[in-house]
Structure formats: structure tokens, C-alpha cells
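> model.txt is reproduced in full below (compact mmCIF, C-alpha atoms).
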```txt
# COMPACT_ATOMS: atom_id res chain seq x y z
CA MET A 1 32.45 66.57 78.59
CA ASN A 2 33.00 67.83 75.05
CA LYS A 3 29.82 67.06 73.10
CA SER A 4 31.41 67.86 69.71
CA LEU A 5 33.40 64.63 69.89
CA ASN A 6 30.16 62.64 69.80
CA ALA A 7 28.07 64.84 67.49
CA LEU A 8 29.21 63.25 64.21
CA GLY A 9 29.63 59.68 65.35
CA PRO A 10 32.79 57.60 65.88
CA ILE A 11 36.11 59.13 64.82
CA SER A 12 39.19 57.66 63.16
CA VAL A 13 42.44 59.55 63.85
CA VAL A 14 45.13 58.88 61.23
CA VAL A 15 48.75 59.73 62.09
CA PRO A 16 51.60 59.18 59.58
CA VAL A 17 54.72 58.27 61.56
CA TYR A 18 58.32 58.94 60.59
CA ASN A 19 61.15 58.87 63.14
CA SER A 20 58.90 59.82 66.07
CA GLU A 21 59.78 57.41 68.84
CA GLU A 22 59.97 60.28 71.35
CA THR A 23 56.67 62.01 70.59
CA LEU A 24 54.34 59.05 69.96
CA PRO A 25 53.77 58.05 73.61
CA LEU A 26 52.98 61.66 74.53
CA LEU A 27 50.62 62.05 71.57
CA LEU A 28 48.71 58.86 72.38
CA ALA A 29 48.39 59.80 76.04
CA ARG A 30 46.84 63.15 75.10
CA LEU A 31 44.47 61.53 72.61
CA LYS A 32 43.41 59.02 75.27
CA THR A 33 42.68 61.80 77.76
CA LEU A 34 40.69 63.78 75.20
CA PHE A 35 38.45 61.03 73.84
CA GLU A 36 37.91 58.99 76.98
CA ALA A 37 36.93 62.10 78.92
CA ALA A 38 34.16 62.63 76.35
CA ASP A 39 33.26 58.91 76.32
CA ALA A 40 33.60 58.98 72.51
CA ASP A 41 33.99 56.03 70.17
CA PHE A 42 37.28 56.35 68.33
CA GLU A 43 40.31 54.63 66.90
CA VAL A 44 43.85 55.79 66.16
CA LEU A 45 45.73 54.49 63.11
CA LEU A 46 49.52 54.89 63.25
CA VAL A 47 51.05 54.40 59.80
CA ASN A 48 54.80 53.84 60.06
CA ASP A 49 56.29 55.27 56.87
CA GLY A 50 59.63 53.47 56.89
CA SER A 51 61.00 55.06 60.07
CA ARG A 52 64.71 54.57 60.73
CA ASP A 53 64.50 54.85 64.51
CA ARG A 54 62.56 52.72 67.03
CA SER A 55 59.14 54.01 65.94
CA ALA A 56 58.05 50.52 64.80
CA ALA A 57 58.79 49.01 68.22
CA VAL A 58 57.08 51.93 69.96
CA ILE A 59 53.96 51.49 67.81
CA GLU A 60 53.84 47.77 68.61
CA SER A 61 54.05 48.45 72.34
CA ILE A 62 51.37 51.13 72.04
CA CYS A 63 49.06 48.67 70.26
CA GLU A 64 49.50 46.21 73.13
CA ARG A 65 48.69 48.92 75.65
CA TYR A 66 45.78 50.66 73.94
CA PRO A 67 43.05 48.49 72.34
CA TRP A 68 41.84 51.38 70.15
CA VAL A 69 45.17 51.76 68.33
CA VAL A 70 45.99 50.11 64.99
CA GLY A 71 49.58 50.08 63.79
CA ILE A 72 50.33 49.75 60.07
CA GLU A 73 53.90 49.35 58.86
CA LEU A 74 54.73 50.15 55.24
CA MET A 75 57.42 48.33 53.28
CA ARG A 76 59.53 51.49 52.88
CA ASN A 77 59.32 55.26 53.05
CA TYR A 78 56.65 56.40 50.58
CA GLY A 79 56.02 59.92 51.83
CA GLN A 80 53.57 61.56 54.20
CA HIS A 81 50.63 61.75 51.81
CA ASN A 82 51.02 58.13 50.67
CA ALA A 83 51.01 57.02 54.30
CA LEU A 84 47.92 59.14 54.92
CA LEU A 85 46.17 57.51 51.97
CA CYS A 86 46.86 54.09 53.48
CA GLY A 87 45.49 55.15 56.86
CA ILE A 88 42.41 56.83 55.37
CA ARG A 89 41.54 53.70 53.40
CA SER A 90 41.86 51.66 56.60
CA ALA A 91 39.64 53.93 58.71
CA ARG A 92 36.44 52.33 60.01
CA TYR A 93 34.48 55.28 61.25
CA SER A 94 32.39 58.04 59.70
CA VAL A 95 34.78 60.93 60.40
CA VAL A 96 38.54 61.00 59.82
CA VAL A 97 40.95 63.36 61.58
CA THR A 98 44.52 63.53 60.28
CA MET A 99 47.37 65.06 62.24
CA ASP A 100 51.16 65.11 62.46
CA ASP A 101 53.17 63.01 64.89
CA ASP A 102 55.30 65.87 66.25
CA LEU A 103 52.79 67.39 68.74
CA GLN A 104 52.53 70.61 66.72
CA ASN A 105 48.91 69.66 65.98
CA PRO A 106 47.48 69.70 69.54
CA PRO A 107 44.89 66.93 70.06
CA GLU A 108 42.95 69.34 72.26
CA GLU A 109 42.08 71.36 69.13
CA ILE A 110 40.23 68.44 67.50
CA PRO A 111 36.84 69.48 68.99
CA ARG A 112 37.12 72.84 67.18
CA LEU A 113 37.51 71.07 63.84
CA LEU A 114 34.55 68.80 64.57
CA GLU A 115 32.34 71.70 65.66
CA LYS A 116 32.95 73.40 62.31
CA LEU A 117 32.44 70.14 60.44
CA ALA A 118 29.06 69.73 62.14
CA GLU A 119 27.89 72.99 60.56
CA GLY A 120 27.50 71.17 57.25
CA TYR A 121 31.00 71.21 55.80
CA ASP A 122 32.76 68.16 54.39
CA ILE A 123 36.37 69.15 55.16
CA VAL A 124 37.74 71.45 57.85
CA TYR A 125 41.39 72.48 58.09
CA GLY A 126 43.04 73.74 61.24
CA TYR A 127 45.59 76.30 60.15
CA PRO A 128 48.28 77.59 62.53
CA GLN A 129 47.77 81.06 63.97
CA ASN A 130 51.51 81.65 64.19
CA GLU A 131 53.96 79.70 62.06
CA THR A 132 57.38 79.23 63.60
CA HIS A 133 59.46 78.23 60.58
CA GLY A 134 62.41 80.11 59.10
CA PHE A 135 62.23 82.45 56.13
CA LEU A 136 63.27 79.91 53.49
CA ARG A 137 60.92 77.25 54.90
CA ASN A 138 58.02 79.74 54.87
CA CYS A 139 58.82 80.66 51.25
CA ALA A 140 58.81 76.98 50.27
CA SER A 141 55.49 76.50 52.13
CA GLN A 142 53.93 79.42 50.28
CA MET A 143 55.12 77.98 46.97
CA THR A 144 53.49 74.67 47.91
CA LYS A 145 50.20 76.41 48.73
CA VAL A 146 50.20 78.29 45.42
CA ALA A 147 50.67 74.97 43.62
CA LEU A 148 47.94 73.43 45.76
CA ARG A 149 45.53 76.24 44.96
CA SER A 150 46.11 75.61 41.26
CA ALA A 151 45.54 71.88 41.65
CA MET A 152 42.50 72.13 43.98
CA GLY A 153 40.84 75.11 42.34
CA VAL A 154 39.62 76.60 45.66
CA ASP A 155 40.70 79.68 47.62
CA VAL A 156 40.88 77.77 50.90
CA ALA A 157 44.13 76.19 49.67
CA ARG A 158 46.13 79.00 51.29
CA HIS A 159 45.07 77.64 54.71
CA VAL A 160 45.53 73.95 53.93
CA SER A 161 47.45 72.01 56.58
CA SER A 162 48.06 68.45 57.72
CA PHE A 163 45.58 68.99 60.58
CA ARG A 164 42.21 68.25 59.00
CA ALA A 165 38.86 66.62 59.71
CA PHE A 166 36.58 65.28 56.98
CA ARG A 167 33.75 62.89 56.33
CA THR A 168 35.06 59.41 55.49
CA LYS A 169 32.55 59.11 52.64
CA LEU A 170 34.79 61.43 50.61
CA ARG A 171 37.28 58.62 50.04
CA ASP A 172 34.82 57.10 47.56
CA ALA A 173 35.89 59.86 45.16
CA PHE A 174 39.41 58.45 44.96
CA ALA A 175 38.78 54.77 45.76
CA ALA A 176 40.31 53.70 42.44
CA TYR A 177 43.33 56.02 42.61
CA ASN A 178 46.61 54.12 42.64
CA GLY A 179 49.21 56.61 41.43
CA GLN A 180 52.71 56.99 42.79
CA PHE A 181 52.28 60.73 43.39
CA VAL A 182 49.69 61.47 46.09
CA SER A 183 48.24 64.71 47.43
CA ILE A 184 45.49 64.02 49.94
CA ASP A 185 44.14 67.56 49.69
CA VAL A 186 43.77 67.34 45.91
CA LEU A 187 42.14 63.90 46.17
CA LEU A 188 39.67 65.21 48.75
CA SER A 189 38.81 68.11 46.45
CA TRP A 190 37.63 65.56 43.87
CA GLY A 191 34.69 64.77 46.13
CA THR A 192 33.52 68.15 47.41
CA ARG A 193 33.86 71.93 47.41
CA ARG A 194 32.48 72.39 50.91
CA PHE A 195 35.69 73.43 52.67
CA ALA A 196 36.17 75.42 55.86
CA THR A 197 39.08 76.50 58.04
CA VAL A 198 39.56 77.35 61.70
CA PRO A 199 42.63 78.85 63.41
CA VAL A 200 44.33 76.51 65.87
CA ALA A 201 47.31 76.65 68.20
CA ASN A 202 50.66 75.63 66.75
CA PRO A 203 53.19 75.18 69.57
CA PRO A 204 56.88 74.97 68.64
CA ARG A 205 58.41 71.55 68.26
CA THR A 206 60.27 70.53 71.42
CA LEU A 207 61.26 66.95 70.58
CA GLY A 208 63.03 65.68 67.47
CA ALA A 209 63.58 67.57 64.23
CA SER A 210 61.29 68.31 61.31
CA GLN A 211 61.55 65.83 58.45
CA TYR A 212 60.15 68.30 55.90
CA THR A 213 63.11 70.05 54.30
CA ILE A 214 62.90 72.89 51.78
CA ARG A 215 63.88 70.44 49.05
CA LYS A 216 61.03 68.09 49.98
CA LEU A 217 58.52 70.95 50.03
CA ILE A 218 59.58 72.11 46.57
CA ALA A 219 59.45 68.54 45.26
CA HIS A 220 55.95 68.14 46.74
CA ALA A 221 54.85 71.37 45.08
CA MET A 222 56.16 70.14 41.72
CA ASN A 223 54.40 66.81 42.20
CA MET A 224 51.11 68.57 42.85
CA ILE A 225 51.35 71.08 40.06
CA THR A 226 52.39 68.57 37.39
CA GLY A 227 50.51 65.57 38.76
CA PHE A 228 47.10 67.15 39.33
CA SER A 229 47.05 70.32 37.22
CA ILE A 230 47.59 71.48 33.64
CA LEU A 231 48.84 74.90 34.75
CA PRO A 232 52.42 74.30 33.45
CA LEU A 233 51.07 73.40 30.02
CA GLU A 234 48.93 76.53 30.03
CA LEU A 235 51.96 78.61 31.03
CA ALA A 236 53.97 77.03 28.21
CA SER A 237 51.20 77.97 25.77
CA ILE A 238 51.12 81.55 27.07
CA LEU A 239 54.92 81.73 26.86
CA GLY A 240 54.83 80.46 23.27
CA PHE A 241 52.18 83.01 22.33
CA ALA A 242 54.15 85.82 24.00
CA PHE A 243 57.34 84.94 22.14
CA ALA A 244 55.40 84.64 18.88
CA LEU A 245 54.23 88.25 19.40
CA PHE A 246 57.78 89.23 20.25
CA GLY A 247 58.98 87.60 17.02
CA LEU A 248 56.38 89.48 14.99
CA THR A 249 57.49 92.71 16.66
CA VAL A 250 61.12 92.03 15.75
CA LEU A 251 60.07 91.16 12.19
CA GLY A 252 58.16 94.46 11.96
CA TYR A 253 61.23 96.33 13.19
CA VAL A 254 63.49 94.63 10.64
CA VAL A 255 61.09 95.24 7.74
CA GLY A 256 60.45 98.84 8.83
CA ARG A 257 64.17 99.56 9.09
CA PHE A 258 64.70 98.09 5.61
CA LEU A 259 61.91 100.21 4.07
CA ILE A 260 62.91 103.43 5.86
CA GLN A 261 66.70 103.24 5.86
CA GLY A 262 67.19 100.86 2.97
CA GLY A 263 69.32 98.35 4.87
CA ALA A 264 69.02 95.30 7.11
CA VAL A 265 69.69 95.31 10.87
CA PRO A 266 73.46 94.78 11.23
CA GLY A 267 75.27 92.61 13.73
CA PHE A 268 75.62 88.93 14.61
CA PRO A 269 74.85 89.49 18.33
CA PHE A 270 71.33 90.69 17.49
CA LEU A 271 70.62 87.56 15.44
CA ALA A 272 72.23 85.23 17.99
CA SER A 273 70.26 86.70 20.88
CA ILE A 274 66.94 86.31 19.04
CA ILE A 275 67.74 82.68 18.19
CA SER A 276 68.75 81.97 21.79
CA ILE A 277 65.51 83.43 23.15
CA PHE A 278 63.33 81.33 20.89
CA ALA A 279 65.42 78.19 21.41
CA GLY A 280 65.18 78.62 25.18
CA ALA A 281 61.41 79.03 25.02
CA GLN A 282 61.09 75.88 22.92
CA LEU A 283 63.26 73.84 25.27
CA PHE A 284 61.27 75.12 28.27
CA ALA A 285 58.00 74.01 26.67
CA LEU A 286 59.49 70.65 25.69
CA GLY A 287 60.71 70.15 29.26
CA ILE A 288 57.20 70.66 30.62
CA ILE A 289 55.74 68.26 28.06
CA GLY A 290 58.46 65.76 28.99
CA GLU A 291 57.52 66.03 32.67
CA TYR A 292 53.93 65.11 31.86
CA LEU A 293 55.03 62.25 29.63
CA ALA A 294 57.21 60.92 32.45
CA ARG A 295 54.22 60.92 34.79
CA MET A 296 52.13 59.10 32.19
CA HIS A 297 54.95 56.55 31.96
CA PHE A 298 54.91 55.96 35.72
CA ARG A 299 51.12 55.66 35.74
CA LEU A 300 51.28 53.03 32.98
CA MET A 301 53.76 51.10 35.15
CA ASP A 302 50.94 50.86 37.75
CA LYS A 303 53.36 51.58 40.57
CA PRO A 304 51.41 51.41 43.86
CA SER A 305 50.93 54.34 46.21
CA TYR A 306 52.13 52.18 49.11
CA THR A 307 52.66 48.54 50.15
CA VAL A 308 51.84 47.26 53.62
CA ARG A 309 54.40 45.06 55.37
CA SER A 310 52.34 44.23 58.47
CA THR A 311 49.62 45.52 60.73
CA ALA A 312 49.18 45.36 64.49
CA ALA A 313 45.50 44.82 65.22
CA LEU A 314 43.04 42.78 67.24
CA ALA A 315 42.38 39.18 66.26
CA ASP A 316 38.66 39.66 65.53
CA ASP A 317 39.01 42.68 63.21
CA ARG A 318 41.48 44.01 60.59
CA SER A 319 42.19 41.00 58.38
CA GLU A 320 43.08 43.41 55.55
CA PRO A 321 44.61 46.71 56.67
CA TYR A 322 44.13 48.50 53.38
CA ALA A 323 40.64 47.25 52.50
CA LEU A 324 37.72 49.67 52.70
CA PRO A 325 36.07 48.53 55.95
CA LEU A 326 32.49 48.87 57.11
CA MET A 327 31.48 51.89 59.15
CA ASP A 328 29.06 50.15 61.51
CA LYS A 329 31.50 47.89 63.36
CA PRO A 330 31.69 48.38 67.14
CA ARG A 331 34.82 49.89 68.57
CA TYR A 332 37.57 47.62 69.87
CA THR A 333 37.03 45.49 72.94
CA GLY A 334 39.68 43.51 74.73
CA ARG A 335 43.44 43.88 74.58
CA SER A 336 44.70 40.84 72.64
CA THR A 337 47.06 42.02 69.90
CA ILE A 338 48.54 40.13 66.98
CA VAL A 339 50.66 41.07 64.00
CA ARG A 340 49.43 39.97 60.59
CA LYS A 341 51.86 39.89 57.71
CA HIS A 342 51.05 41.21 54.27
CA ASP A 343 50.20 37.70 52.99
CA GLY A 344 47.72 37.15 55.83
CA SER A 345 49.91 34.82 57.90
CA MET A 346 50.60 35.38 61.60
```
Please rewrite the model in this file as C-alpha cells.

Amino acid sequence: MNKSLNALGPISVVVPVYNSEETLPLLLARLKTLFEAADADFEVLLVNDGSRDRSAAVIESICERYPWVVGIELMRNYGQHNALLCGIRSARYSVVVTMDDDLQNPPEEIPRLLEKLAEGYDIVYGYPQNETHGFLRNCASQMTKVALRSAMGVDVARHVSSFRAFRTKLRDAFAAYNGQFVSIDVLLSWGTRRFATVPVANPPRTLGASQYTIRKLIAHAMNMITGFSILPLELASILGFAFALFGLTVLGYVVGRFLIQGGAVPGFPFLASIISIFAGAQLFALGIIGEYLARMHFRLMDKPSYTVRSTAALADDRSEPYALPLMDKPRYTGRSTIVRKHDGSM
């Protein structure tokens, strides 16, 4: 029996789901074997992020089969981190474990995360020992981690992954956050600096295809760096200062040539190139400022991070899937399952 599964109290496992009808039954079976062998109190929250396959039907059948599973269906596809935020806010227990739905985060590695968490850390990431992506995908991932390091302000960002365990109390730090652009790792960094990492197995994906394209990774990196950091503004300031020095250097050259040789610098191309350089720098800085203004505009619109369509849960719990629930409730008993709509009707 693995004692680490009981050392920190009951555990909530949050899994964002997108087009994973093939892998979900296998994932839940492995989670069941792991936790029930240790006689641990736990729950699993499956957040369906607008899947286009039969994932919703699979989640509903899983909820009927396993009393410790809660299924939450979002109104549309909001993105992995938005779905995670929904699941984290719905977690009941004192420790949250997040993982992907594609079986590349082995459930059997969860005890390693919890053992490290028990040493006094608040967040533990399980980073893959061997990544199996292509060259372009790895480059996009590295770009995302550089952006994440800027936004989080901690060195551990280079080992950040979707396989993480943290203390549920950390969600108090972002309880009022309701922005459209979400990065769970940045939000968690608002509450603590006590991070740790452990290497974990990362088997190749055998079922389905990855939903994270290079384009999505780059877009996520841009969302993090402009949504949670002022690094682009600082770079624009540095760029402006550098071009100001360049302009002074050119001015010194022109004046020196006039004093020494008695004539101005000839040629339209020289003048046109200098104007183009400065105009480009100004437009670059204005573009960055515009990006921040656009994000302020969306925040003023108060666009939600997610909207819940329905939740599959037991009749005596879960009246509000996205409310912050109490930590001291007993784990599920019985197998009666209902589906509550967003307005509370059945």
C-alpha cells in the first residue's frame, strides 16, 4: 500500500478532456487501481472542454459507474487552462493533482509528486524525462517555457508541465480572477514561491492525436507573456533607447562629416533607410501597446473564463459545480447519478 497517497489527506484529480473518448476509460481504470489499492479518499473531476467526439457520453457513463467521478461539461471549447481553472475551483479536497487525458501522464507517478509535496512544498511538477515531440513542437514548447518563466518569475518554469500536484489552499490567491486568458501556472505563482519538480515517465501517445499544435503553443505563449507580464513593454523601452542611441550616433557622424569635410552626407538611400528604421521601431512599440490595450478592453468586457453547461454528480452533493466547496465533506457514497443543468434544474 502506497502511504504517500494518504499522507496529505484526500486528493482531487482534475482532468481537462478534449476528444478523448478512447483514452478516458483506460485512464479511469488505472486511477481506480491506484487509489483503491491504497485505500485513499479521492475524487476525479473530468472537465469536458467542448469535445467534438463522444467524450461527453463516455464521461456520463463513467460517472454512473464510478461514484467518485464528477463530470463537468462546458458550454464550448475554452482551452485547457480555462477547463483546469473550472475543475480546480470545483475540487473538494485538500490536495489537487492535474493531469492530461492522453495517458502520457501515468497515474502511477502520482505518489512521487505527493511524496515531494509532503516535504513542505506547495506545488510539485512532474516533468518528462524524455520528450517525444518533433523538432518544431519542441521549439514551440521551449518558447512557451521562456514566456512562462518571464510571467512566473521563477527558475522552475523550465520544468513546468500539465502534470502537477499542489495544495488546494493556493486557489484563494486567484479566487477573484475572471479573465478570458488563463495560465494556471502563473495563477498558482501568485500564491507561493515554494515550487519543486520531479522527473516522471512520459510514455508515447498510442491512442488519438495531440490537440496541441505549434500554432496553439505559440498563441499560449503570447497570451502568457502579454497577459501576465510587462516584459514586452520593457523590451519596447529598451528598443526605443537603443534606437535613440543609434540616432545620436548617426547625428554625430553627420555633424562630424560636415565639420571635417565641409559637406553633408549625400544620398537619398541613406536618409530613407534611417527613416525606415525609426518608423519600424515606433510601429513595433505601438503594436505592443495596442496588444495590452486590447487585453484591457477584453477585461473591461468581463468575459468569463468558462461557462458550465451541466454537471454529472451525486444527488446529495455538487449543487453548484463551480462554487468553492468545503474541504471537510466525506467522499462519495452510493452510485445514484443525476445531471444538473446550469440553472439548477434537473
> Go through A:Glu234, A:Glu73, A:Glu109, A:Glu22 one by one, measure the shortest atom-to-atom distance of each to Gly50 (chain A) using all atoms listed in the file, and give the residue with the smallest value.
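The answer is A:Glu73, which sits nearest to Gly50 (chain A).
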> Which one of A:Val70, A:Leu26, A:Gly256, A:Ala57 sits closest to Val44 (chain A) if you count only C-alpha atoms?
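Of the candidates, the smallest distance to Val44 (chain A) is held by A:Val70.
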> Quick one: of A:Val58, A:Leu286, A:Pro107, A:Leu113, who's nearest to Leu34 (chain A), counting all atoms listed in the file?
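Closest to Leu34 (chain A), using all atoms listed in the file: A:Pro107.
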> CA of Leu231 (chain A) to CA of Tyr306 (chain A): how many Å, to one decimal?
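Between CA of Leu231 (chain A) and CA of Tyr306 (chain A) the gap is 27.1 Å.
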> Considering only C-alpha atoms, state which residue in the set A:Leu27, A:Leu117, A:Leu248, A:Val69 is at the smallest distance from Asn105 (chain A).
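Distance minimum relative to Asn105 (chain A) lands on A:Leu27.
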> Report, in Å with one decimal, the straight-line distance from CA of Ala118 (chain A) to CA of Leu5 (chain A).
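Result for CA of Ala118 (chain A) versus CA of Leu5 (chain A): 10.2 Å, one decimal.
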> Give me the residues within 10 Å of Ile288 (chain A) as a list of chain:residue names, counting only C-alpha atoms and dropping any in the same chain fewer than 5 places off.
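That gives A:Thr226, A:Pro232, A:Leu233, A:Leu235, A:Ala236, A:Leu283, A:Leu293, A:Ala294.
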> Take the residues from that selection and put them in a file with C-alpha atoms, as a PDB file, keeping the file's coordinate frame.

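For reference, again12.pdb as written:
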```pdb
ATOM      1  CA  THR A 226      52.390  68.570  37.390  1.00  0.00           C
ATOM      2  CA  PRO A 232      52.420  74.300  33.450  1.00  0.00           C
ATOM      3  CA  LEU A 233      51.070  73.400  30.020  1.00  0.00           C
ATOM      4  CA  LEU A 235      51.960  78.610  31.030  1.00  0.00           C
ATOM      5  CA  ALA A 236      53.970  77.030  28.210  1.00  0.00           C
ATOM      6  CA  LEU A 283      63.260  73.840  25.270  1.00  0.00           C
ATOM      7  CA  LEU A 293      55.030  62.250  29.630  1.00  0.00           C
ATOM      8  CA  ALA A 294      57.210  60.920  32.450  1.00  0.00           C
TER       9      ALA A 294
END
```
> Quick check, in Å to one decimal: how far apart do CA of Arg112 (chain A) and CA of Gly79 (chain A) lie?
27.6 Å
> Taking 4 positions as the minimum chain separation for residues in the same chain, which residues sit within 10 Å of Arg54 (chain A) when counting only C-alpha atoms? Answer as a list of chain:residue names.
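Result of the neighbour search: A:Tyr18, A:Asn19, A:Ser20, A:Glu21, A:Glu22, A:Val58, A:Ile59.
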> Kindly indicate which residue among A:Val47, A:Leu170, A:Val255, A:Ala176 lies nearest to Ile123 (chain A), using only C-alpha atoms for the distances.
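Closest residue, counting only C-alpha atoms: A:Leu170.
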> Have a look at A:Gly126, A:Cys86, A:Leu259, A:Phe278 and name the one nearest to Phe241 (chain A); count all atoms listed in the file.
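Among the listed residues, the smallest separation from Phe241 (chain A) belongs to A:Phe278.
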